[in-house]
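Q: Below you'll find the structure I mean.
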Amino acid sequence: MDYAENDLLTRVGPGTAAGETLRKYWLPVGLSSEINSDAPRLVRWLGEELLLFRDEFGRIGLTEPNCPHRGASLDYGWIEAGGIRCCYHGWVFDVTGRCLEQPGEPQDSTFKDKIMLKAYPVRELGGMIWAYMGGGQPPELPNYHFLVRGDGERDFSGYVRECNYMQQLENALDPVHATILHGRAVHGFPAAPEWMETPDFNVTATDTMAYYVARRQGPEPGTEWHREVAYVPPIMVVHHGGSLPGDPLAEMVDVAWRMPIDDYTTRTFTLRFFPQGARQRGNEEKQARPKPPPLMRGTRKQYDMATIGGQDSATQVSQGAIVDRTREHLGHSDRGVIQVRKLWKSVIETGLRGEDPPNLIRHAAQNRLVHVDVVERLVKAGEIRDHVPSVIYVS
């Protein structure tokens, strides 16, 4: 990979190829539980400084952070009068950026009708806050079943990692690293048995996703660990798509979004949805394992190498804020990494041609219920080998 291609894939600010492609989608910008009507919050997404607030009516706004009057930060403003009131001269803006009040101006003045605060469309779905940061008519916000269902529980987690988002996306389709990095016994505590053996795996890329299907020897003769993981553009990784409502086997959903804060920092939003009747993980064959004590490693920056998060952070962050891919030497085991890059590059090029990139939904009829059919399961040898991961629009 040359420098120009590396920049194409990784730079996300306004006007960049990847940044403008990301702005064509609804993107996660927070959790509903994180923002209330007590005070606004400064946030940073895709290299833009923004203000996130909830008005007294419960509506969410994502706007530029400075008042267009004299430039004071709205981070110090008051949530009242139907929006956010600047603490400096009291101008009020609603969640759409419309100016509602201008104290100090003549009572019959129409000046406020000429002032707009830059604001992005925002919606809440499934306990998450979504924003459309692009231009033109927004597409449909996908009704992923794990976001719209009411027959289960949602468990959110996440973290901020000091590296470019691509270093996390491409890691998702690298099953060999799970054996080497996560499959080592630490302090005598065994790793997950489903990771300890180097897998036999295939990688496939379609127009809508790239995925691997990996097989490892199971705990009993005649059994196998069957694991599928998919990268779904623009930034979603599906470790387990779970079961749809009414399926006889209730299985959990395990998904993550690698949302760029800027070129050098990424926030991961992780959601696990447990349908009613699902076990803790949705996979009864996976047993809880004892947690080893910390193993801190690193000279300049330390990570806990006894945890998956610490292991992934150590490897991804130590590559550099944006890894120099011109110096890599990729092998046969890296074919999933290669497919993630090829697919995202294809998505960007589609957007540059002025066409809709994949996984955009323009018609409400298509958006009744969306399912990413990705499975992880202990199976009998040879079972479900013909399963093909896909995005399903349930009619």
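Labels used: A, B, ... for chains in the order of the structure tokens, numbers from 1 for residues in each chain, and numbers from 1 for ligands as shown.
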Give me, as a tab-separated table, each residue of segment 264-380 of chain A that comes within 8 Å of segment 206-211 of chain A, together with its shortest interatomic pair and the distance in Å at one decimal, counting only C-alpha atoms, with rows ordered by chain and rising residue number.
A:
residue	atom	partner	partner_atom	distance
A:Gly336	CA	A:Tyr211	CA	7.4
A:Gln339	CA	A:Ala210	CA	6.5
A:Val340	CA	A:Ala210	CA	6.2
A:Leu343	CA	A:Ala210	CA	7.1
A:Pro358	CA	A:Thr208	CA	5.6
A:Asn359	CA	A:Thr208	CA	6.2
Q: Output C-alpha atoms of each residue in that selection to a file, as a PDB file, in the first residue's frame.
A:
ATOM      1  CA  GLY A 336      -9.150 -10.856   6.061  1.00  0.00           C
ATOM      2  CA  GLN A 339     -10.470  -7.680   2.301  1.00  0.00           C
ATOM      3  CA  VAL A 340     -11.528  -5.069   4.882  1.00  0.00           C
ATOM      4  CA  LEU A 343     -14.072  -3.224   0.653  1.00  0.00           C
ATOM      5  CA  PRO A 358     -23.683   0.017   0.195  1.00  0.00           C
ATOM      6  CA  ASN A 359     -25.930  -0.480   3.223  1.00  0.00           C
TER       7      ASN A 359
END
Q: Would you please give, as a ChimeraX atom specification, all residues of segment 151-363 of chain A that DSSP assigns to strand (DSSP E or B) based on the backbone?
A: /A:152-161,186,189,200-205,210-217,223-232,236-240,253-260,266-275,296-297,303-304
Q: So which bits of segment 153-342 of chain A end up alpha helix (DSSP H) when you DSSP the backbone, as number ranges by chain?
A: A: 166-169, 175-177, 308-318, 335-342
Q: Considering only C-alpha atoms, return as an mmCIF file with N, CA, C and O atoms, in the first residue's frame whatever protein or nucleic-acid residues lie within 12 Å of Pro275 of chain A, sequence-local ones (same chain, fewer than 6 positions apart) excluded.
A:
data_model
loop_
_atom_site.group_PDB
_atom_site.id
_atom_site.type_symbol
_atom_site.label_atom_id
_atom_site.label_comp_id
_atom_site.auth_asym_id
_atom_site.auth_seq_id
_atom_site.Cartn_x
_atom_site.Cartn_y
_atom_site.Cartn_z
ATOM 1 N N HIS A 145 -32.671 -5.140 14.217
ATOM 2 C CA HIS A 145 -33.629 -5.721 15.165
ATOM 3 C C HIS A 145 -33.172 -5.557 16.605
ATOM 4 O O HIS A 145 -33.979 -5.393 17.516
ATOM 5 N N PHE A 146 -31.865 -5.558 16.830
ATOM 6 C CA PHE A 146 -31.366 -5.433 18.203
ATOM 7 C C PHE A 146 -31.504 -4.007 18.732
ATOM 8 O O PHE A 146 -31.289 -3.765 19.917
ATOM 9 N N LEU A 147 -31.857 -3.054 17.866
ATOM 10 C CA LEU A 147 -32.108 -1.680 18.302
ATOM 11 C C LEU A 147 -33.579 -1.401 18.542
ATOM 12 O O LEU A 147 -33.916 -0.517 19.348
ATOM 13 N N VAL A 148 -34.463 -2.102 17.849
ATOM 14 C CA VAL A 148 -35.892 -1.762 17.919
ATOM 15 C C VAL A 148 -36.699 -2.759 18.750
ATOM 16 O O VAL A 148 -37.839 -2.465 19.115
ATOM 17 N N ARG A 149 -36.153 -3.908 19.072
ATOM 18 C CA ARG A 149 -36.922 -4.919 19.798
ATOM 19 C C ARG A 149 -37.157 -4.535 21.253
ATOM 20 O O ARG A 149 -36.337 -3.866 21.876
ATOM 21 N N GLY A 150 -38.286 -5.012 21.773
ATOM 22 C CA GLY A 150 -38.617 -4.788 23.178
ATOM 23 C C GLY A 150 -38.671 -6.067 23.980
ATOM 24 O O GLY A 150 -39.159 -6.063 25.115
ATOM 25 N N ASP A 151 -38.167 -7.168 23.415
ATOM 26 C CA ASP A 151 -38.275 -8.474 24.073
ATOM 27 C C ASP A 151 -36.935 -8.953 24.611
ATOM 28 O O ASP A 151 -36.617 -10.140 24.565
ATOM 29 N N GLY A 152 -36.130 -8.018 25.128
ATOM 30 C CA GLY A 152 -34.849 -8.412 25.687
ATOM 31 C C GLY A 152 -34.176 -7.255 26.393
ATOM 32 O O GLY A 152 -34.789 -6.208 26.640
ATOM 33 N N GLU A 153 -32.906 -7.440 26.725
ATOM 34 C CA GLU A 153 -32.143 -6.431 27.445
ATOM 35 C C GLU A 153 -30.908 -6.045 26.645
ATOM 36 O O GLU A 153 -30.284 -6.889 26.001
ATOM 37 N N ARG A 154 -30.547 -4.755 26.717
ATOM 38 C CA ARG A 154 -29.365 -4.251 26.047
ATOM 39 C C ARG A 154 -28.290 -3.904 27.061
ATOM 40 O O ARG A 154 -28.565 -3.269 28.073
ATOM 41 N N ASP A 155 -27.075 -4.318 26.752
ATOM 42 C CA ASP A 155 -25.927 -4.053 27.614
ATOM 43 C C ASP A 155 -24.904 -3.285 26.790
ATOM 44 O O ASP A 155 -24.373 -3.821 25.810
ATOM 45 N N GLY A 241 -24.663 -12.171 15.214
ATOM 46 C CA GLY A 241 -25.871 -11.475 14.807
ATOM 47 C C GLY A 241 -27.086 -11.823 15.626
ATOM 48 O O GLY A 241 -28.118 -11.147 15.536
ATOM 49 N N GLY A 242 -26.994 -12.901 16.421
ATOM 50 C CA GLY A 242 -28.098 -13.285 17.284
ATOM 51 C C GLY A 242 -29.274 -13.858 16.518
ATOM 52 O O GLY A 242 -29.194 -14.175 15.325
ATOM 53 N N SER A 243 -30.367 -13.995 17.221
ATOM 54 C CA SER A 243 -31.577 -14.602 16.660
ATOM 55 C C SER A 243 -32.661 -13.560 16.507
ATOM 56 O O SER A 243 -32.738 -12.597 17.274
ATOM 57 N N LEU A 244 -33.514 -13.763 15.513
ATOM 58 C CA LEU A 244 -34.653 -12.882 15.292
ATOM 59 C C LEU A 244 -35.792 -13.226 16.249
ATOM 60 O O LEU A 244 -35.823 -14.330 16.811
ATOM 61 N N PRO A 245 -36.726 -12.312 16.453
ATOM 62 C CA PRO A 245 -37.887 -12.635 17.290
ATOM 63 C C PRO A 245 -38.612 -13.879 16.769
ATOM 64 O O PRO A 245 -38.833 -14.024 15.563
ATOM 65 N N GLY A 246 -38.942 -14.778 17.685
ATOM 66 C CA GLY A 246 -39.660 -15.989 17.308
ATOM 67 C C GLY A 246 -38.790 -17.155 16.929
ATOM 68 O O GLY A 246 -39.290 -18.283 16.769
ATOM 69 N N ASP A 247 -37.466 -16.948 16.772
ATOM 70 C CA ASP A 247 -36.589 -18.078 16.480
ATOM 71 C C ASP A 247 -36.582 -19.040 17.659
ATOM 72 O O ASP A 247 -36.578 -18.617 18.828
ATOM 73 N N PRO A 248 -36.562 -20.348 17.401
ATOM 74 C CA PRO A 248 -36.620 -21.312 18.510
ATOM 75 C C PRO A 248 -35.392 -21.262 19.415
ATOM 76 O O PRO A 248 -35.490 -21.555 20.599
ATOM 77 N N LEU A 249 -34.220 -20.904 18.854
ATOM 78 C CA LEU A 249 -33.006 -20.787 19.650
ATOM 79 C C LEU A 249 -32.729 -19.307 19.887
ATOM 80 O O LEU A 249 -32.410 -18.573 18.954
ATOM 81 N N ALA A 250 -32.890 -18.863 21.133
ATOM 82 C CA ALA A 250 -32.673 -17.454 21.468
ATOM 83 C C ALA A 250 -31.187 -17.217 21.689
ATOM 84 O O ALA A 250 -30.602 -17.730 22.641
ATOM 85 N N GLU A 251 -30.581 -16.435 20.798
ATOM 86 C CA GLU A 251 -29.143 -16.170 20.882
ATOM 87 C C GLU A 251 -28.876 -14.674 20.982
ATOM 88 O O GLU A 251 -29.565 -13.860 20.378
ATOM 89 N N MET A 252 -27.828 -14.336 21.716
ATOM 90 C CA MET A 252 -27.464 -12.945 21.930
ATOM 91 C C MET A 252 -26.910 -12.323 20.663
ATOM 92 O O MET A 252 -26.466 -12.996 19.736
ATOM 93 N N VAL A 253 -26.929 -10.981 20.629
ATOM 94 C CA VAL A 253 -26.288 -10.181 19.595
ATOM 95 C C VAL A 253 -25.043 -9.533 20.200
ATOM 96 O O VAL A 253 -25.075 -9.068 21.342
ATOM 97 N N ASP A 254 -23.962 -9.502 19.441
ATOM 98 C CA ASP A 254 -22.717 -8.876 19.898
ATOM 99 C C ASP A 254 -22.169 -8.041 18.742
ATOM 100 O O ASP A 254 -21.625 -8.585 17.777
ATOM 101 N N ARG A 281 -24.504 -15.493 27.676
ATOM 102 C CA ARG A 281 -23.795 -15.188 26.440
ATOM 103 C C ARG A 281 -24.598 -15.594 25.209
ATOM 104 O O ARG A 281 -24.206 -15.286 24.090
ATOM 105 N N GLY A 282 -25.680 -16.337 25.406
ATOM 106 C CA GLY A 282 -26.405 -16.841 24.267
ATOM 107 C C GLY A 282 -25.797 -18.110 23.713
ATOM 108 O O GLY A 282 -26.289 -18.695 22.763
#
Q: Of the candidates A:Gly136, A:Pro14, A:Pro40, A:Pro142, which one gets nearest to Val391 of chain A if we count only C-alpha atoms?
A: A:Pro142
